[in-house]
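J.: This one is my_file-v6.cif, mmCIF, C-alpha atoms.
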```
data_data
loop_
_atom_site.label_atom_id
_atom_site.label_comp_id
_atom_site.auth_asym_id
_atom_site.auth_seq_id
_atom_site.Cartn_x
_atom_site.Cartn_y
_atom_site.Cartn_z
CA MET A 1 -15.56 -16.46 38.15
CA LYS A 2 -13.91 -15.93 34.79
CA LYS A 3 -13.48 -19.16 32.82
CA GLN A 4 -9.84 -19.94 31.95
CA PRO A 5 -9.07 -20.59 28.24
CA HIS A 6 -8.36 -24.15 27.05
CA TRP A 7 -4.67 -25.06 27.38
CA ILE A 8 -4.23 -25.20 23.59
CA MET A 9 -5.90 -21.82 23.11
CA GLN A 10 -3.74 -20.39 25.90
CA ALA A 11 -0.62 -21.68 24.10
CA ILE A 12 -1.81 -20.09 20.84
CA MET A 13 -2.43 -16.78 22.58
CA LEU A 14 0.99 -16.81 24.26
CA ALA A 15 2.64 -17.64 20.92
CA GLY A 16 0.64 -14.86 19.29
CA ALA A 17 1.78 -12.45 22.00
CA TYR A 18 5.40 -13.57 21.43
CA THR A 19 5.01 -12.90 17.70
CA ALA A 20 3.39 -9.53 18.27
CA PHE A 21 6.10 -8.58 20.77
CA ASN A 22 8.85 -9.31 18.22
CA ILE A 23 7.20 -8.13 15.00
CA GLY A 24 7.94 -4.46 15.38
CA SER A 25 8.79 -1.71 12.95
CA GLY A 26 12.08 -3.31 11.85
CA PHE A 27 10.27 -6.49 10.80
CA ALA A 28 6.87 -5.20 9.67
CA THR A 29 8.47 -2.51 7.49
CA GLY A 30 10.81 -5.13 6.03
CA ASN A 31 13.87 -3.03 6.89
CA GLU A 32 15.59 -5.45 9.27
CA VAL A 33 14.72 -8.46 7.09
CA MET A 34 16.16 -6.78 3.99
CA GLN A 35 19.39 -5.91 5.81
CA PHE A 36 19.97 -9.24 7.56
CA PHE A 37 18.55 -11.62 4.93
CA ASN A 38 17.97 -10.21 1.44
CA SER A 39 21.14 -8.11 1.28
CA TRP A 40 23.24 -11.26 0.77
CA GLY A 41 21.42 -12.55 -2.33
CA GLY A 42 21.44 -16.08 -3.74
CA TYR A 43 20.50 -18.90 -1.36
CA TRP A 44 21.90 -17.15 1.70
CA PRO A 45 18.58 -15.60 2.85
CA TYR A 46 17.05 -19.07 3.16
CA ILE A 47 20.08 -20.61 4.90
CA ILE A 48 20.01 -17.74 7.41
CA TRP A 49 16.27 -18.28 7.90
CA LEU A 50 16.69 -22.00 8.70
CA LEU A 51 19.52 -21.20 11.08
CA GLY A 52 17.34 -18.64 12.87
CA LEU A 53 14.40 -21.04 13.20
CA VAL A 54 16.53 -23.73 14.86
CA PHE A 55 18.12 -21.13 17.15
CA ALA A 56 14.67 -19.84 18.15
CA VAL A 57 13.31 -23.31 18.97
CA VAL A 58 16.28 -24.10 21.23
CA THR A 59 16.37 -20.77 23.07
CA ASN A 60 12.57 -20.49 23.38
CA TYR A 61 12.44 -23.96 24.92
CA ILE A 62 15.04 -22.95 27.51
CA MET A 63 13.34 -19.63 28.31
CA TYR A 64 9.74 -20.89 28.49
CA ASN A 65 10.77 -23.89 30.60
CA THR A 66 12.78 -21.68 32.95
CA GLY A 67 9.95 -19.15 33.20
CA MET A 68 7.53 -21.94 34.08
CA THR A 69 9.72 -23.74 36.65
CA VAL A 70 12.02 -21.12 38.21
CA SER A 71 10.99 -18.15 40.34
CA MET A 72 12.94 -15.11 39.19
CA GLU A 73 12.40 -13.38 42.54
CA GLU A 74 15.25 -15.45 43.96
CA TYR A 75 17.63 -14.44 41.17
CA LYS A 76 16.39 -10.85 40.60
CA SER A 77 16.39 -11.34 36.80
CA PRO A 78 16.79 -14.06 34.12
CA TYR A 79 20.25 -12.69 33.36
CA GLN A 80 21.50 -13.35 36.90
CA TYR A 81 19.94 -16.82 36.84
CA TYR A 82 21.85 -17.78 33.68
CA CYS A 83 25.09 -15.82 34.13
CA GLY A 84 25.61 -15.40 37.86
CA LYS A 85 25.31 -12.29 39.99
CA THR A 86 28.08 -10.09 38.53
CA ILE A 87 27.87 -10.90 34.82
CA GLY A 88 24.09 -11.09 35.14
CA LYS A 89 23.94 -7.52 36.43
CA ILE A 90 26.02 -6.36 33.45
CA PHE A 91 23.65 -8.11 31.03
CA ASP A 92 20.66 -6.77 32.94
CA ILE A 93 21.77 -3.16 32.54
CA TYR A 94 22.92 -3.65 28.95
CA VAL A 95 19.71 -5.30 27.77
CA TYR A 96 17.43 -2.68 29.24
CA VAL A 97 19.52 0.08 27.67
CA CYS A 98 19.10 -1.77 24.36
CA LEU A 99 15.35 -2.08 24.93
CA ILE A 100 15.21 1.71 25.19
CA ALA A 101 17.06 1.86 21.86
CA PHE A 102 14.54 -0.58 20.37
CA VAL A 103 11.64 1.57 21.48
CA LEU A 104 13.40 4.33 19.55
CA VAL A 105 13.49 2.03 16.49
CA MET A 106 9.77 1.29 16.81
CA ILE A 107 8.65 4.89 17.26
CA SER A 108 10.88 6.09 14.41
CA GLY A 109 9.43 3.41 12.11
CA SER A 110 5.90 4.67 12.63
CA GLY A 111 6.89 8.14 11.45
CA ALA A 112 8.64 6.75 8.35
CA THR A 113 5.63 4.55 7.50
CA VAL A 114 3.11 7.39 7.77
CA ASN A 115 5.38 9.58 5.65
CA GLN A 116 5.89 7.00 2.87
CA TYR A 117 2.23 6.08 2.35
CA TYR A 118 0.22 9.06 3.53
CA HIS A 119 2.85 11.74 2.73
CA LEU A 120 2.34 13.28 6.16
CA PRO A 121 5.22 14.76 8.19
CA GLU A 122 7.10 12.08 10.09
CA TRP A 123 6.55 13.84 13.41
CA ILE A 124 2.80 13.10 13.24
CA GLY A 125 3.30 9.32 13.20
CA THR A 126 6.19 9.45 15.65
CA ILE A 127 4.42 11.48 18.33
CA GLY A 128 1.05 9.76 17.86
CA MET A 129 2.53 6.25 18.14
CA GLY A 130 4.62 7.21 21.14
CA ILE A 131 1.65 8.49 23.13
CA LEU A 132 -0.55 5.51 22.17
CA CYS A 133 2.08 2.90 23.10
CA GLY A 134 2.83 4.60 26.40
CA ALA A 135 -0.85 4.66 27.35
CA VAL A 136 -1.48 0.98 26.50
CA ALA A 137 1.74 -0.18 28.21
CA CYS A 138 0.21 0.99 31.49
CA LEU A 139 -2.54 -1.69 31.28
CA GLY A 140 -0.43 -4.51 32.79
CA LEU A 141 0.96 -7.87 31.64
CA ARG A 142 -2.20 -10.00 31.63
CA LYS A 143 -4.18 -7.52 29.52
CA LEU A 144 -1.18 -7.03 27.22
CA VAL A 145 -0.98 -10.78 26.52
CA ASP A 146 -4.66 -10.82 25.50
CA VAL A 147 -4.38 -7.71 23.31
CA LEU A 148 -1.01 -8.51 21.71
CA GLY A 149 -1.85 -12.19 21.18
CA SER A 150 -4.89 -11.35 19.03
CA ILE A 151 -3.08 -8.65 17.04
CA GLY A 152 -0.06 -10.92 16.51
CA ILE A 153 -2.18 -13.57 14.79
CA ILE A 154 -3.76 -10.89 12.53
CA ILE A 155 -0.29 -9.64 11.51
CA LEU A 156 0.84 -13.21 10.88
CA LEU A 157 -2.07 -14.07 8.59
CA PHE A 158 -1.99 -10.82 6.61
CA THR A 159 1.78 -10.82 6.07
CA VAL A 160 1.95 -14.47 5.02
CA GLY A 161 -1.11 -14.00 2.78
CA CYS A 162 0.49 -11.08 0.91
CA ALA A 163 3.73 -13.00 0.40
CA VAL A 164 1.99 -16.17 -0.81
CA TYR A 165 0.06 -14.10 -3.35
CA MET A 166 3.28 -12.47 -4.59
CA VAL A 167 5.05 -15.83 -4.95
CA CYS A 168 2.09 -17.39 -6.80
CA THR A 169 1.67 -14.48 -9.24
CA ALA A 170 5.35 -13.65 -9.87
CA ASP A 171 6.79 -14.44 -13.30
CA THR A 172 10.26 -15.18 -11.93
CA SER A 173 11.84 -16.96 -8.96
CA PRO A 174 12.89 -15.10 -5.80
CA ILE A 175 16.55 -15.95 -6.43
CA GLU A 176 16.48 -14.66 -10.01
CA ALA A 177 14.59 -11.51 -9.01
CA SER A 178 17.16 -10.65 -6.33
CA ALA A 179 20.24 -11.16 -8.53
CA ARG A 180 21.34 -7.52 -8.10
CA ALA A 181 21.33 -7.58 -4.29
CA THR A 182 25.10 -7.17 -3.89
CA GLU A 183 25.07 -4.34 -6.44
CA TYR A 184 22.47 -2.44 -4.40
CA VAL A 185 24.57 -3.00 -1.26
CA ALA A 186 27.64 -1.59 -3.02
CA ASP A 187 25.62 1.45 -4.15
CA GLY A 188 24.36 2.05 -0.59
CA LYS A 189 20.72 1.50 -1.55
CA ILE A 190 20.54 -1.50 0.80
CA LEU A 191 22.40 -1.40 4.11
CA GLN A 192 24.19 -4.52 5.31
CA PRO A 193 24.81 -5.21 8.99
CA ASN A 194 28.23 -6.00 10.43
CA VAL A 195 29.12 -7.62 13.72
CA PHE A 196 32.18 -5.94 15.25
CA GLY A 197 33.43 -5.20 11.76
CA ILE A 198 32.70 -8.70 10.41
CA LYS A 199 30.44 -8.95 7.36
CA HIS A 200 29.46 -12.55 6.62
CA PRO A 201 25.96 -14.01 6.14
CA LEU A 202 26.35 -16.76 8.77
CA VAL A 203 27.72 -14.35 11.37
CA CYS A 204 24.90 -11.90 10.64
CA GLY A 205 22.39 -14.76 10.71
CA PHE A 206 23.45 -15.68 14.25
CA SER A 207 23.45 -11.98 15.07
CA TYR A 208 19.82 -11.58 13.95
CA SER A 209 18.80 -14.57 16.05
CA GLY A 210 20.68 -13.12 19.00
CA VAL A 211 18.90 -9.78 18.63
CA LEU A 212 15.52 -11.52 18.66
CA MET A 213 16.38 -13.51 21.78
CA MET A 214 17.85 -10.58 23.69
CA CYS A 215 14.81 -8.43 22.94
CA CYS A 216 12.33 -10.96 24.26
CA ILE A 217 14.16 -12.83 27.03
CA ALA A 218 12.45 -10.92 29.85
CA TRP A 219 9.07 -11.13 28.07
CA VAL A 220 9.30 -14.92 27.48
CA HIS A 221 10.26 -15.56 31.10
CA ALA A 222 7.37 -13.40 32.30
CA THR A 223 4.82 -15.15 30.06
CA GLY A 224 6.40 -18.55 30.75
CA ALA A 225 5.20 -18.17 34.32
CA LEU A 226 1.64 -18.33 32.94
CA LEU A 227 2.20 -21.87 31.57
CA LYS A 228 0.60 -24.76 33.45
CA ASP A 229 2.63 -27.84 32.47
CA ARG A 230 5.33 -29.28 30.19
CA LYS A 231 2.87 -30.21 27.45
CA GLN A 232 1.64 -26.64 27.17
CA MET A 233 5.22 -25.34 27.38
CA LEU A 234 6.36 -27.51 24.45
CA LEU A 235 3.40 -26.44 22.31
CA THR A 236 3.98 -22.77 23.14
CA THR A 237 7.69 -23.15 22.26
CA GLY A 238 6.95 -24.67 18.85
CA LEU A 239 4.14 -22.26 17.99
CA SER A 240 6.11 -19.19 19.08
CA SER A 241 9.06 -20.12 16.88
CA ALA A 242 6.86 -20.99 13.89
CA PHE A 243 4.54 -17.99 14.28
CA TYR A 244 7.53 -15.66 14.09
CA TYR A 245 9.71 -17.34 11.46
CA LEU A 246 6.92 -18.12 8.99
CA PRO A 247 6.22 -14.40 8.51
CA VAL A 248 9.99 -13.83 8.31
CA LEU A 249 10.20 -16.27 5.40
CA ALA A 250 7.16 -14.64 3.83
CA VAL A 251 8.80 -11.20 3.99
CA VAL A 252 12.11 -12.56 2.67
CA LEU A 253 10.33 -14.01 -0.38
CA ALA A 254 8.25 -10.87 -0.96
CA LEU A 255 11.27 -8.58 -0.79
CA ALA A 256 13.33 -10.86 -3.04
CA LEU A 257 10.65 -10.76 -5.73
CA ASN A 258 10.52 -6.94 -5.62
CA LEU A 259 14.15 -6.07 -4.94
CA ASP A 260 14.60 -3.90 -8.04
CA ALA A 261 11.52 -1.84 -7.13
CA ILE A 262 12.26 -1.40 -3.43
CA ALA A 263 16.03 -0.81 -3.28
CA GLY A 264 16.58 2.49 -1.46
CA SER A 265 13.15 2.47 0.24
CA GLN A 266 12.90 3.19 3.99
CA ILE A 267 9.83 0.91 4.18
CA PRO A 268 10.68 -1.90 1.70
CA MET A 269 7.77 -4.24 2.53
CA LEU A 270 5.24 -1.48 1.96
CA ALA A 271 7.01 -0.65 -1.32
CA ALA A 272 6.76 -4.33 -2.34
CA VAL A 273 3.02 -4.39 -1.65
CA GLN A 274 2.59 -1.13 -3.57
CA ASN A 275 4.47 -2.67 -6.49
CA MET A 276 2.60 -6.00 -6.74
CA ILE A 277 -0.67 -5.56 -4.79
CA PRO A 278 -1.34 -1.79 -4.80
CA LYS A 279 -4.92 -2.21 -3.54
CA LEU A 280 -3.58 -3.67 -0.30
CA ALA A 281 -1.02 -0.94 0.33
CA GLY A 282 -3.42 0.95 2.61
CA PRO A 283 -4.33 -2.07 4.75
CA TYR A 284 -0.69 -3.13 4.91
CA THR A 285 0.23 0.30 6.23
CA ILE A 286 -2.17 -0.40 9.10
CA ILE A 287 -0.54 -3.83 9.62
CA ILE A 288 2.89 -2.18 9.90
CA ILE A 289 1.56 0.32 12.42
CA LEU A 290 0.00 -2.54 14.42
CA GLY A 291 3.34 -4.35 14.38
CA ILE A 292 5.10 -1.27 15.68
CA PHE A 293 2.42 -0.76 18.33
CA THR A 294 2.58 -4.33 19.67
CA THR A 295 6.36 -4.43 20.04
CA ALA A 296 6.84 -0.94 21.46
CA THR A 297 4.00 -1.49 23.94
CA GLY A 298 5.45 -4.76 25.26
CA GLN A 299 8.95 -3.30 25.55
CA LEU A 300 7.69 -0.21 27.36
CA PHE A 301 5.88 -2.42 29.88
CA LEU A 302 9.07 -4.41 30.55
CA LEU A 303 11.05 -1.22 31.05
CA GLY A 304 8.44 0.23 33.41
CA ASP A 305 8.22 -3.05 35.32
CA ARG A 306 12.01 -3.24 35.62
CA PHE A 307 12.43 0.12 37.33
CA ALA A 308 9.15 0.51 39.26
CA LYS A 309 6.19 -1.44 40.60
CA GLU A 310 3.33 -1.78 38.15
CA GLY A 311 0.59 0.79 38.71
CA THR A 312 2.70 3.28 40.66
CA ALA A 313 3.42 6.89 39.68
CA LYS A 314 7.08 5.97 39.11
CA PHE A 315 5.99 3.19 36.71
CA TYR A 316 4.10 5.72 34.55
CA ILE A 317 6.93 8.27 34.73
CA VAL A 318 9.47 5.70 33.50
CA ILE A 319 7.25 4.67 30.58
CA PHE A 320 6.46 8.17 29.36
CA GLY A 321 10.04 9.37 29.97
CA ILE A 322 11.25 6.67 27.57
CA VAL A 323 8.48 7.58 25.12
CA ALA A 324 9.68 11.21 25.16
CA PHE A 325 13.28 10.10 24.46
CA ALA A 326 12.12 7.84 21.59
CA ILE A 327 10.03 10.60 20.02
CA VAL A 328 12.92 13.07 20.07
CA GLY A 329 15.40 10.51 18.68
CA GLY A 330 12.95 9.36 16.01
CA LEU A 331 12.53 12.90 14.75
CA PHE A 332 16.25 13.40 14.09
CA LEU A 333 17.68 10.04 12.93
CA PRO A 334 16.76 8.22 9.65
CA PHE A 335 14.88 4.98 10.35
CA SER A 336 17.15 2.66 8.29
CA VAL A 337 20.26 4.04 10.01
CA ILE A 338 18.74 3.47 13.47
CA VAL A 339 17.91 -0.16 12.54
CA ASN A 340 21.42 -0.78 11.21
CA ILE A 341 23.19 0.63 14.27
CA VAL A 342 20.99 -0.87 17.01
CA TYR A 343 20.73 -4.38 15.53
CA SER A 344 24.43 -4.60 14.67
CA VAL A 345 25.50 -3.62 18.18
CA MET A 346 23.12 -5.98 20.00
CA GLY A 347 23.32 -9.12 17.86
CA MET A 348 26.51 -10.80 19.02
CA THR A 349 25.62 -10.15 22.65
CA GLY A 350 22.62 -12.43 22.11
CA ILE A 351 24.90 -15.23 20.94
CA ILE A 352 26.99 -14.87 24.09
CA MET A 353 23.84 -14.92 26.22
CA ALA A 354 22.59 -18.05 24.42
CA ALA A 355 25.86 -19.81 25.28
CA PHE A 356 25.35 -18.95 28.98
CA MET A 357 21.79 -20.30 28.77
CA VAL A 358 22.85 -23.64 27.29
CA VAL A 359 25.64 -24.05 29.86
CA LYS A 360 23.20 -23.27 32.71
CA VAL A 361 20.70 -25.86 31.48
CA LEU A 362 23.43 -28.52 31.21
CA MET A 363 24.65 -27.68 34.73
CA VAL A 364 21.13 -27.93 36.18
CA ARG A 365 20.54 -31.29 34.51
CA ALA A 366 23.90 -32.62 35.67
CA SER A 367 23.07 -31.59 39.26
CA ALA A 368 19.67 -33.25 38.99
CA ARG A 369 21.25 -36.54 37.83
CA LYS A 370 23.72 -36.47 40.74
CA ALA A 371 20.96 -35.72 43.23
CA ALA A 372 18.71 -38.55 42.01
CA PRO A 373 20.86 -41.52 43.29
CA ALA A 374 21.31 -39.76 46.64
CA GLU A 375 17.55 -39.41 47.04
CA VAL A 376 17.09 -43.11 46.24
CA GLU A 377 19.70 -44.13 48.86
CA THR A 378 18.04 -41.89 51.48
CA ALA A 379 14.68 -43.47 50.76
CA GLU A 380 16.12 -46.95 51.21
#
```
If you took the structure in this file and wrote it as structure tokens, what would it be?

T.:
Amino acid sequence: MKKQPHWIMQAIMLAGAYTAFNIGSGFATGNEVMQFFNSWGGYWPYIIWLLGLVFAVVTNYIMYNTGMTVSMEEYKSPYQYYCGKTIGKIFDIYVYVCLIAFVLVMISGSGATVNQYYHLPEWIGTIGMGILCGAVACLGLRKLVDVLGSIGIIILLFTVGCAVYMVCTADTSPIEASARATEYVADGKILQPNVFGIKHPLVCGFSYSGVLMMCCIAWVHATGALLKDRKQMLLTTGLSSAFYYLPVLAVVLALALNLDAIAGSQIPMLAAVQNMIPKLAGPYTIIIILGIFTTATGQLFLLGDRFAKEGTAKFYIVIFGIVAFAIVGGLFLPFSVIVNIVYSVMGMTGIIMAAFMVVKVLMVRASARKAAPAEVETAE
């Protein structure tokens, strides 16, 4: 009989898997971080970061707790549990369409990364990553948690390590180094997201947090079912939020310190490493590819699991059909443009979903408080 991991180690692995699931090509390349955080300049990147961390703690707590305590078989999906049958179905369809778009983002990012560092045609990285992710996605959830959890911690340590080195060796502050951020935005060298035509750092900060939550809501509920008790759930919630947002802060600082050198780059984080730690550019390229691999693999599994039973022929057809779509799209659309479009469209929807989640939790607690006195009277 296989020995189960200690509850703390299990929480670390689940948090690592959460991090790996979310650190995809948009994050690992630095493209999404530069657009949502660094494009605003000044102190805004750090205000947006703090906002995102708090948002993640609250929503992760709700999702992990729900995944642990509520059977989704009764409600068909987390979206129907939180929003009701009709609105939940709309969210269900919308989110899975967006997940397909995110797989496109991931696969496209691999081609851009291979092209920038190795000067190989983008189609080599795009096709190779697509086939690899499709194959690994067929392994199943339990094996994915083990694989992605380990890789997520490696990505975390390497990314934070590079950023700490840059901060410690820089001869200027991140705020001073990124003074020309708005100028680069005006010149089109750095894209800036908008939410239904609104361009404001706080709105885009909420939007980024909403994107993160919408991408992983099905994954967190699925892995939440693996949790044993409230103590483990709370630890997993805290570690998941910290494991993701610490690397985000690290990337924000690294990009800020190198903004003049990376403006206009498709893979800004790799350009930052090439500028300040050129010897680590090769290893960091591998880290980016691992980040793409972990996210695309997890998303492909969720898509396959949504439309077919795991292990069936239909399950494999769904996965590799989406891979084929992502490969074709990634070959024709620039990576930075894909990131800008997909993230901008999906962000505010996440905020709406978070509001439904909070309301649902409050309703459940109110019902529990009303039921408690009745149970006491019955006992008497």

J.: Care to translate the PyMOL selection byres ((chain A and resi 252) around 9) into actual residues of this file, as a PyMOL selection string?

T.: chain A and resi 30+33-34+37-38+45-46+49+163+174+247-251+253-257

J.: Which residues are near region 350-359 of chain A? Cut-off 8 Å, only C-alpha atoms, ignore same chain within fewer than 3 positions. Put them as a list of chain:residue names.

T.: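 My list of contacting residues is A:Thr59, A:Ile62, A:Tyr82, A:Cys83, A:Phe206, A:Ser207, A:Ser209, A:Gly210, A:Val211, A:Leu212, A:Met213, A:Met214, A:Met346, A:Gly347, A:Leu362, A:Met363.
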
J.: Between CA of Leu156 (chain A) and CA of Ala11 (chain A), measure the distance and give it in Å to one decimal.

T.: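 Pair CA of Leu156 (chain A) / CA of Ala11 (chain A) returns 15.8 Å.
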
J.: Under the PyMOL selection byres ((chain A and resi 122) around 10), which residues of this model are included? Write them out as a PDB file with C-alpha atoms, keeping the file's coordinate frame.

T.:
```
ATOM      1  CA  SER A 108      10.880   6.090  14.410  1.00  0.00           C
ATOM      2  CA  GLY A 109       9.430   3.410  12.110  1.00  0.00           C
ATOM      3  CA  SER A 110       5.900   4.670  12.630  1.00  0.00           C
ATOM      4  CA  GLY A 111       6.890   8.140  11.450  1.00  0.00           C
ATOM      5  CA  ALA A 112       8.640   6.750   8.350  1.00  0.00           C
ATOM      6  CA  THR A 113       5.630   4.550   7.500  1.00  0.00           C
ATOM      7  CA  VAL A 114       3.110   7.390   7.770  1.00  0.00           C
ATOM      8  CA  ASN A 115       5.380   9.580   5.650  1.00  0.00           C
ATOM      9  CA  GLN A 116       5.890   7.000   2.870  1.00  0.00           C
ATOM     10  CA  TYR A 118       0.220   9.060   3.530  1.00  0.00           C
ATOM     11  CA  HIS A 119       2.850  11.740   2.730  1.00  0.00           C
ATOM     12  CA  LEU A 120       2.340  13.280   6.160  1.00  0.00           C
ATOM     13  CA  PRO A 121       5.220  14.760   8.190  1.00  0.00           C
ATOM     14  CA  TRP A 123       6.550  13.840  13.410  1.00  0.00           C
ATOM     15  CA  ILE A 124       2.800  13.100  13.240  1.00  0.00           C
ATOM     16  CA  GLY A 125       3.300   9.320  13.200  1.00  0.00           C
ATOM     17  CA  THR A 126       6.190   9.450  15.650  1.00  0.00           C
ATOM     18  CA  ILE A 127       4.420  11.480  18.330  1.00  0.00           C
ATOM     19  CA  GLY A 330      12.950   9.360  16.010  1.00  0.00           C
ATOM     20  CA  LEU A 331      12.530  12.900  14.750  1.00  0.00           C
TER      21      LEU A 331
END
```

J.: CA of Ser241 (chain A) and CA of Val57 (chain A) are how many Å apart?

T.: 5.7 Å

J.: Given the choices A:Gly42, A:Ile47, A:Thr236, A:Thr294, which gets closest to Gly224 (chain A) if the distance is worked out from all atoms listed in the file?

T.: A:Thr236

J.: I'd like the residues picked by the PyMOL selection byres ((chain A and resi 292) around 9) written out as a list of chain:residue names, using the chain letters and numbers from the file.

T.: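 For this structure, the PyMOL selection byres ((chain A and resi 292) around 9) captures A:Ala20, A:Phe21, A:Ile23, A:Gly24, A:Ser25, A:Gly26, A:Phe27, A:Ala28, A:Thr29, A:Met106, A:Ile107, A:Gly109, A:Ser110, A:Met129, A:Ile287, A:Ile288, A:Ile289, A:Leu290, A:Gly291, A:Phe293, A:Thr294, A:Thr295, A:Ala296, A:Thr297.
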
J.: Calculate how many Å separate CA of Gly197 (chain A) from CA of Ala218 (chain A), rounding to one decimal.

T.: 28.3 Å

J.: Measuring atom to atom with all atoms listed in the file, identify which of A:Val339, A:Val364, A:Val203, A:Ala371 is nearest to Val103 (chain A).

T.: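 Checking each of A:Val339, A:Val364, A:Val203, A:Ala371 against Val103 (chain A), counting all atoms listed in the file, the winner is A:Val339.
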